[in-house]
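Each remark here refers to the structure printed beneath this line.
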Amino acid sequence: MNCILCHSPNTTITQKCKKEDLQALYKRSFGVDISHIVQSDIIYHTCLDCDLKFFTCEDGSIPTGDNNFYNALNTLDWYYFAQKHEYAYAQNFIAPNARVLEVGCGRAAFAQYLPEGAKEHYVGLELSTGAKDMAQKAGICIENVTIESYAKALKDPKNNGFDVACSFQVLEHVNNPHSFIQSQIHCLRWQNFNGGGEEHNPLLIIAVPSEDSFIQYCVNGILNMPPHHISRFSDTTLRHIARIFNLKLLSIYHEPIQKEHIDFYKATMWAKALHPHLRQTPLVDRGIMRKVINKLGILGKHFVKIPPNAYGHTAVAIYTLKESL
């Protein structure tokens with residue numbers, strides 16, 4: 001199986017998950033039926049070249065969520081946060097009159113973080129029709145179209161393109177991250193910013209769940225598995241993105257543990273501490289011992305301390321184009 005990011009054939013299978021386990025966990029946790037999407041056991045791959053971890057079905061197809069799947073999740077109050085730490089961080093890179101393209105914008109919450117001039121030029125792309133309806137109620141118009149289709153239709157991107165292309169918690173959902181990123185890059189432009197004579201380098205901003213954070217140790221974390229998440233990104237992978245697409249990596253930022261993730265962090269690290277002998281964290285474990293550990297975690301998490309340098313859930317990578325492009 002070739003890597004879905006760098007296309008290298010140098011990949012290895014690290015785990016397999018039974019379809020019945022995933023179906024049962026999604027049904028129990030969210031009342032969502034995924035049997036029409038996940039129709040075979042799931043294979044977990046690791047690319048030995050770029051370090052991307054990704055999931056496929058047994059036949060090599062990618063089990064991505066459909067519109068009905070995401071509309072069901074949209075009904076959950078906590079699914080779209082109006083405030084995210086990565087939004088506050090990313091807004092520092094947005095110039096006052098920048099043209100911003102956000103891909104997978106959800107309800108377009110990030111638009112509220114933009115300077116007034118940038119809000120006027122904001123374009124959001126989102127496949128979920130439910131999210132589009134919610135955004136429209138807030139007075140923000142977004143398009144139900146893929147980034148690939150949008151990039152193909154964009155005429156003269158050097159003049160009509162964007163100063164910033166961004167995606168927050170989206171790349172891990174897509175079945176072809178290579179074409180997704182390449183299409184974002186196509187929509188960026190080189191030009192004198194705002195006609196002021198000062199050269200402005202267009203930016204690509206990517207925020208993803210960090211595989212270097214505590215979530216790598218989470219068992220039964222089904223929202224980090226198909227059909228919700230298709231791939232997992234480490235810092236190594238984020239650095240390789242610069243190499244793959246001939247970009248310049250400006251920075252990788254890790255958020256601290258956020259308030260809404262404190263219990264998640266403590267429960268995850270508590271469970272890990274009880275299995276120090278495990279060489280690899282299982283993706284799924286529905287055994288009795290795991291259930292006992294989870295129950296005990298209600299008490300055990302109170303004994304878990306959060307180190308001041310602990311990586312939070314999300315990493316944000318900032319890239320710019322190289323002159324050779």
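Quick note on naming: the chains in the structure tokens go A, B, ... in the order shown, residues restart at 1 in each chain, and ligands are numbered from 1 in order of appearance.
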
Practice problem: Select from region 41-245 of chain A everything DSSP, run on the backbone, classes as strand (DSSP E), then give the selection as a PyMOL selection string. | Solution: chain A and resi 42-47+53-57+100-103+123-125+142-143+164-168+191-192+199-200+203-209+231-232

Include N, CA and C atoms and write out the residues we just selected as a compact mmCIF listing (two decimals), in the first residue's frame.
# COMPACT_ATOMS: atom_id res chain seq x y z
N ILE A 42 -10.36 -2.98 9.39
CA ILE A 42 -9.56 -1.80 9.09
C ILE A 42 -8.08 -2.10 9.34
N ILE A 43 -7.25 -1.66 8.39
CA ILE A 43 -5.81 -1.87 8.48
C ILE A 43 -5.13 -0.54 8.76
N TYR A 44 -4.19 -0.57 9.72
CA TYR A 44 -3.46 0.62 10.14
C TYR A 44 -2.04 0.55 9.61
N HIS A 45 -1.68 1.53 8.77
CA HIS A 45 -0.38 1.55 8.10
C HIS A 45 0.51 2.65 8.67
N THR A 46 1.81 2.46 8.55
CA THR A 46 2.79 3.50 8.86
C THR A 46 3.72 3.65 7.67
N CYS A 47 3.91 4.90 7.22
CA CYS A 47 4.86 5.16 6.15
C CYS A 47 6.26 5.30 6.76
N LYS A 53 0.76 7.94 9.64
CA LYS A 53 -0.04 6.77 9.98
C LYS A 53 -1.39 6.93 9.32
N PHE A 54 -1.89 5.88 8.68
CA PHE A 54 -3.17 6.01 7.99
C PHE A 54 -3.92 4.69 7.95
N PHE A 55 -5.23 4.80 7.73
CA PHE A 55 -6.12 3.64 7.75
C PHE A 55 -6.66 3.34 6.36
N THR A 56 -6.85 2.05 6.08
CA THR A 56 -7.53 1.63 4.86
C THR A 56 -8.43 0.45 5.19
N CYS A 57 -9.33 0.14 4.25
CA CYS A 57 -10.07 -1.11 4.31
C CYS A 57 -9.16 -2.22 3.80
N VAL A 100 -8.23 35.18 2.75
CA VAL A 100 -8.10 33.93 3.49
C VAL A 100 -9.04 32.88 2.93
N LEU A 101 -8.47 31.72 2.64
CA LEU A 101 -9.25 30.56 2.22
C LEU A 101 -9.16 29.52 3.33
N GLU A 102 -10.30 29.17 3.92
CA GLU A 102 -10.32 28.12 4.94
C GLU A 102 -11.02 26.90 4.36
N VAL A 103 -10.34 25.78 4.39
CA VAL A 103 -10.88 24.54 3.82
C VAL A 103 -11.35 23.64 4.95
N VAL A 123 -13.13 33.24 2.36
CA VAL A 123 -13.87 32.21 1.63
C VAL A 123 -13.74 30.91 2.41
N GLY A 124 -14.86 30.28 2.72
CA GLY A 124 -14.85 29.01 3.44
C GLY A 124 -15.40 27.90 2.57
N LEU A 125 -14.76 26.75 2.62
CA LEU A 125 -15.22 25.56 1.91
C LEU A 125 -15.58 24.50 2.94
N ILE A 142 -20.66 30.08 2.94
CA ILE A 142 -19.58 29.16 2.59
C ILE A 142 -20.06 28.27 1.45
N GLU A 143 -19.13 27.61 0.79
CA GLU A 143 -19.45 26.80 -0.37
C GLU A 143 -19.29 25.32 -0.07
N VAL A 164 -3.54 33.50 2.38
CA VAL A 164 -3.47 32.45 3.39
C VAL A 164 -4.45 31.35 3.03
N ALA A 165 -3.97 30.12 3.02
CA ALA A 165 -4.85 28.95 2.91
C ALA A 165 -4.69 28.18 4.22
N CYS A 166 -5.78 27.86 4.87
CA CYS A 166 -5.69 27.21 6.18
C CYS A 166 -6.72 26.10 6.32
N SER A 167 -6.41 25.18 7.20
CA SER A 167 -7.35 24.12 7.57
C SER A 167 -7.08 23.73 9.01
N PHE A 168 -8.13 23.61 9.78
CA PHE A 168 -8.03 23.30 11.20
C PHE A 168 -8.77 22.00 11.49
N GLN A 191 2.51 38.03 -4.89
CA GLN A 191 2.29 39.37 -5.40
C GLN A 191 2.65 40.38 -4.32
N ASN A 192 2.69 41.63 -4.68
CA ASN A 192 2.88 42.68 -3.68
C ASN A 192 1.59 42.81 -2.87
N GLU A 199 6.73 42.96 -0.33
CA GLU A 199 6.49 41.59 -0.72
C GLU A 199 5.84 40.80 0.41
N HIS A 200 4.82 40.05 0.08
CA HIS A 200 4.11 39.24 1.07
C HIS A 200 4.16 37.79 0.64
N LEU A 203 0.90 32.07 2.89
CA LEU A 203 1.08 31.10 3.96
C LEU A 203 0.10 29.95 3.84
N LEU A 204 0.58 28.78 4.21
CA LEU A 204 -0.25 27.60 4.38
C LEU A 204 -0.23 27.25 5.86
N ILE A 205 -1.41 27.22 6.48
CA ILE A 205 -1.53 26.93 7.91
C ILE A 205 -2.31 25.63 8.07
N ILE A 206 -1.69 24.66 8.74
CA ILE A 206 -2.31 23.36 8.95
C ILE A 206 -2.34 23.05 10.45
N ALA A 207 -3.52 22.79 10.98
CA ALA A 207 -3.67 22.36 12.37
C ALA A 207 -4.24 20.95 12.38
N VAL A 208 -3.57 20.05 13.08
CA VAL A 208 -3.97 18.64 13.13
C VAL A 208 -3.82 18.11 14.55
N PRO A 209 -4.54 17.04 14.90
CA PRO A 209 -4.24 16.36 16.16
C PRO A 209 -2.81 15.85 16.12
N SER A 231 -6.03 9.63 8.99
CA SER A 231 -4.57 9.65 9.13
C SER A 231 -4.17 10.36 10.42
N ARG A 232 -2.91 10.14 10.81
CA ARG A 232 -2.36 10.72 12.03
C ARG A 232 -1.00 11.35 11.72

Exercise. List the neighbours of Asp33 (chain A) out to 7 Å using only C-alpha atoms; skip same-chain residues closer than 4 positions along the sequence, and give me the result as an NGL selection string.
Key: :A and (23 or 26-27)

Those same residues - all heavy atoms - I'd like them written as a PDB file, in the first residue's frame.
ATOM      1  N   GLN A  23     -17.855  -0.521  14.642  1.00  0.00           N
ATOM      2  CA  GLN A  23     -19.287  -0.278  14.512  1.00  0.00           C
ATOM      3  C   GLN A  23     -19.955  -0.196  15.881  1.00  0.00           C
ATOM      4  O   GLN A  23     -20.786   0.683  16.127  1.00  0.00           O
ATOM      5  CB  GLN A  23     -19.923  -1.386  13.664  1.00  0.00           C
ATOM      6  CG  GLN A  23     -19.504  -1.362  12.196  1.00  0.00           C
ATOM      7  CD  GLN A  23     -19.919  -2.619  11.446  1.00  0.00           C
ATOM      8  OE1 GLN A  23     -20.520  -3.538  12.010  1.00  0.00           O
ATOM      9  NE2 GLN A  23     -19.611  -2.672  10.160  1.00  0.00           N
ATOM     10  N   TYR A  26     -18.890   3.160  17.803  1.00  0.00           N
ATOM     11  CA  TYR A  26     -19.563   4.358  17.289  1.00  0.00           C
ATOM     12  C   TYR A  26     -21.039   4.357  17.693  1.00  0.00           C
ATOM     13  O   TYR A  26     -21.605   5.403  18.044  1.00  0.00           O
ATOM     14  CB  TYR A  26     -19.438   4.431  15.764  1.00  0.00           C
ATOM     15  CG  TYR A  26     -18.232   5.213  15.302  1.00  0.00           C
ATOM     16  CD1 TYR A  26     -17.064   4.581  14.915  1.00  0.00           C
ATOM     17  CD2 TYR A  26     -18.262   6.614  15.251  1.00  0.00           C
ATOM     18  CE1 TYR A  26     -15.949   5.302  14.495  1.00  0.00           C
ATOM     19  CE2 TYR A  26     -17.171   7.341  14.829  1.00  0.00           C
ATOM     20  CZ  TYR A  26     -16.012   6.683  14.452  1.00  0.00           C
ATOM     21  OH  TYR A  26     -14.922   7.404  14.051  1.00  0.00           O
ATOM     22  N   LYS A  27     -21.658   3.190  17.633  1.00  0.00           N
ATOM     23  CA  LYS A  27     -23.080   3.087  17.987  1.00  0.00           C
ATOM     24  C   LYS A  27     -23.278   3.392  19.462  1.00  0.00           C
ATOM     25  O   LYS A  27     -24.184   4.139  19.837  1.00  0.00           O
ATOM     26  CB  LYS A  27     -23.587   1.675  17.658  1.00  0.00           C
ATOM     27  CG  LYS A  27     -25.105   1.537  17.704  1.00  0.00           C
ATOM     28  CD  LYS A  27     -25.757   2.280  16.544  1.00  0.00           C
ATOM     29  CE  LYS A  27     -27.245   2.027  16.486  1.00  0.00           C
ATOM     30  NZ  LYS A  27     -27.887   2.747  15.369  1.00  0.00           N
TER      31      LYS A  27
END

Practice problem: Select, from A:Val170, A:Leu48, A:Ile215, A:Ile262, the residue with the minimum atom-to-atom distance to Gly104 (chain A), counting only C-alpha atoms. | Solution: A:Val170

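If you measure from each of A:Phe303, A:Asn220, A:Lys248, A:Gln184 to Arg28 (chain A) using only C-alpha atoms, the closest one turns out to be A:Asn220.
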
Exercise. From a DSSP pass on the backbone, collect the residues of region 1-169 of chain A flagged as helix (DSSP H, G or I) and hand them back as a VMD selection string.
Key: chain A and resid 19 to 30 67 to 74 85 to 93 109 to 113 116 to 121 129 to 137 147 to 153 157 to 160

Exercise. With a distance cut-off of 12 Å and only C-alpha atoms, select the neighbouring residues of Asp49 (chain A), excluding the residue or stretch itself and same-chain residues fewer than 4 positions from it, and output the selection as a VMD selection string.
Key: chain A and resid 2 to 12 53 236 to 237 239 to 241 243 to 244

Can I get the residues of region 168-258 of chain A within 9 Å of region 278-286 of chain A, each with the closest pair of atoms and their distance in Å to one decimal, using only C-alpha atoms, sorted chain first then ascending number, as a tab-separated table?
residue	atom	partner	partner_atom	distance
A:Gln216	CA	A:Thr281	CA	7.7
A:Tyr217	CA	A:Thr281	CA	5.8
A:Cys218	CA	A:Thr281	CA	7.5
A:Val219	CA	A:Leu283	CA	5.2
A:Asn220	CA	A:Val284	CA	4.7
A:Gly221	CA	A:Leu283	CA	7.4
A:Ile222	CA	A:Val284	CA	8.2
A:Met225	CA	A:Leu283	CA	8.4

Quiz item: When you draw a straight line from CA of Ser61 (chain A) to CA of Ser179 (chain A), how long is it in Å?
Solution: 16.1 Å

Quiz item: From the list A:Lys132, A:Lys84, A:His313, A:Lys272, which residue is nearest Asp212 (chain A) when using only C-alpha atoms?
Solution: A:His313
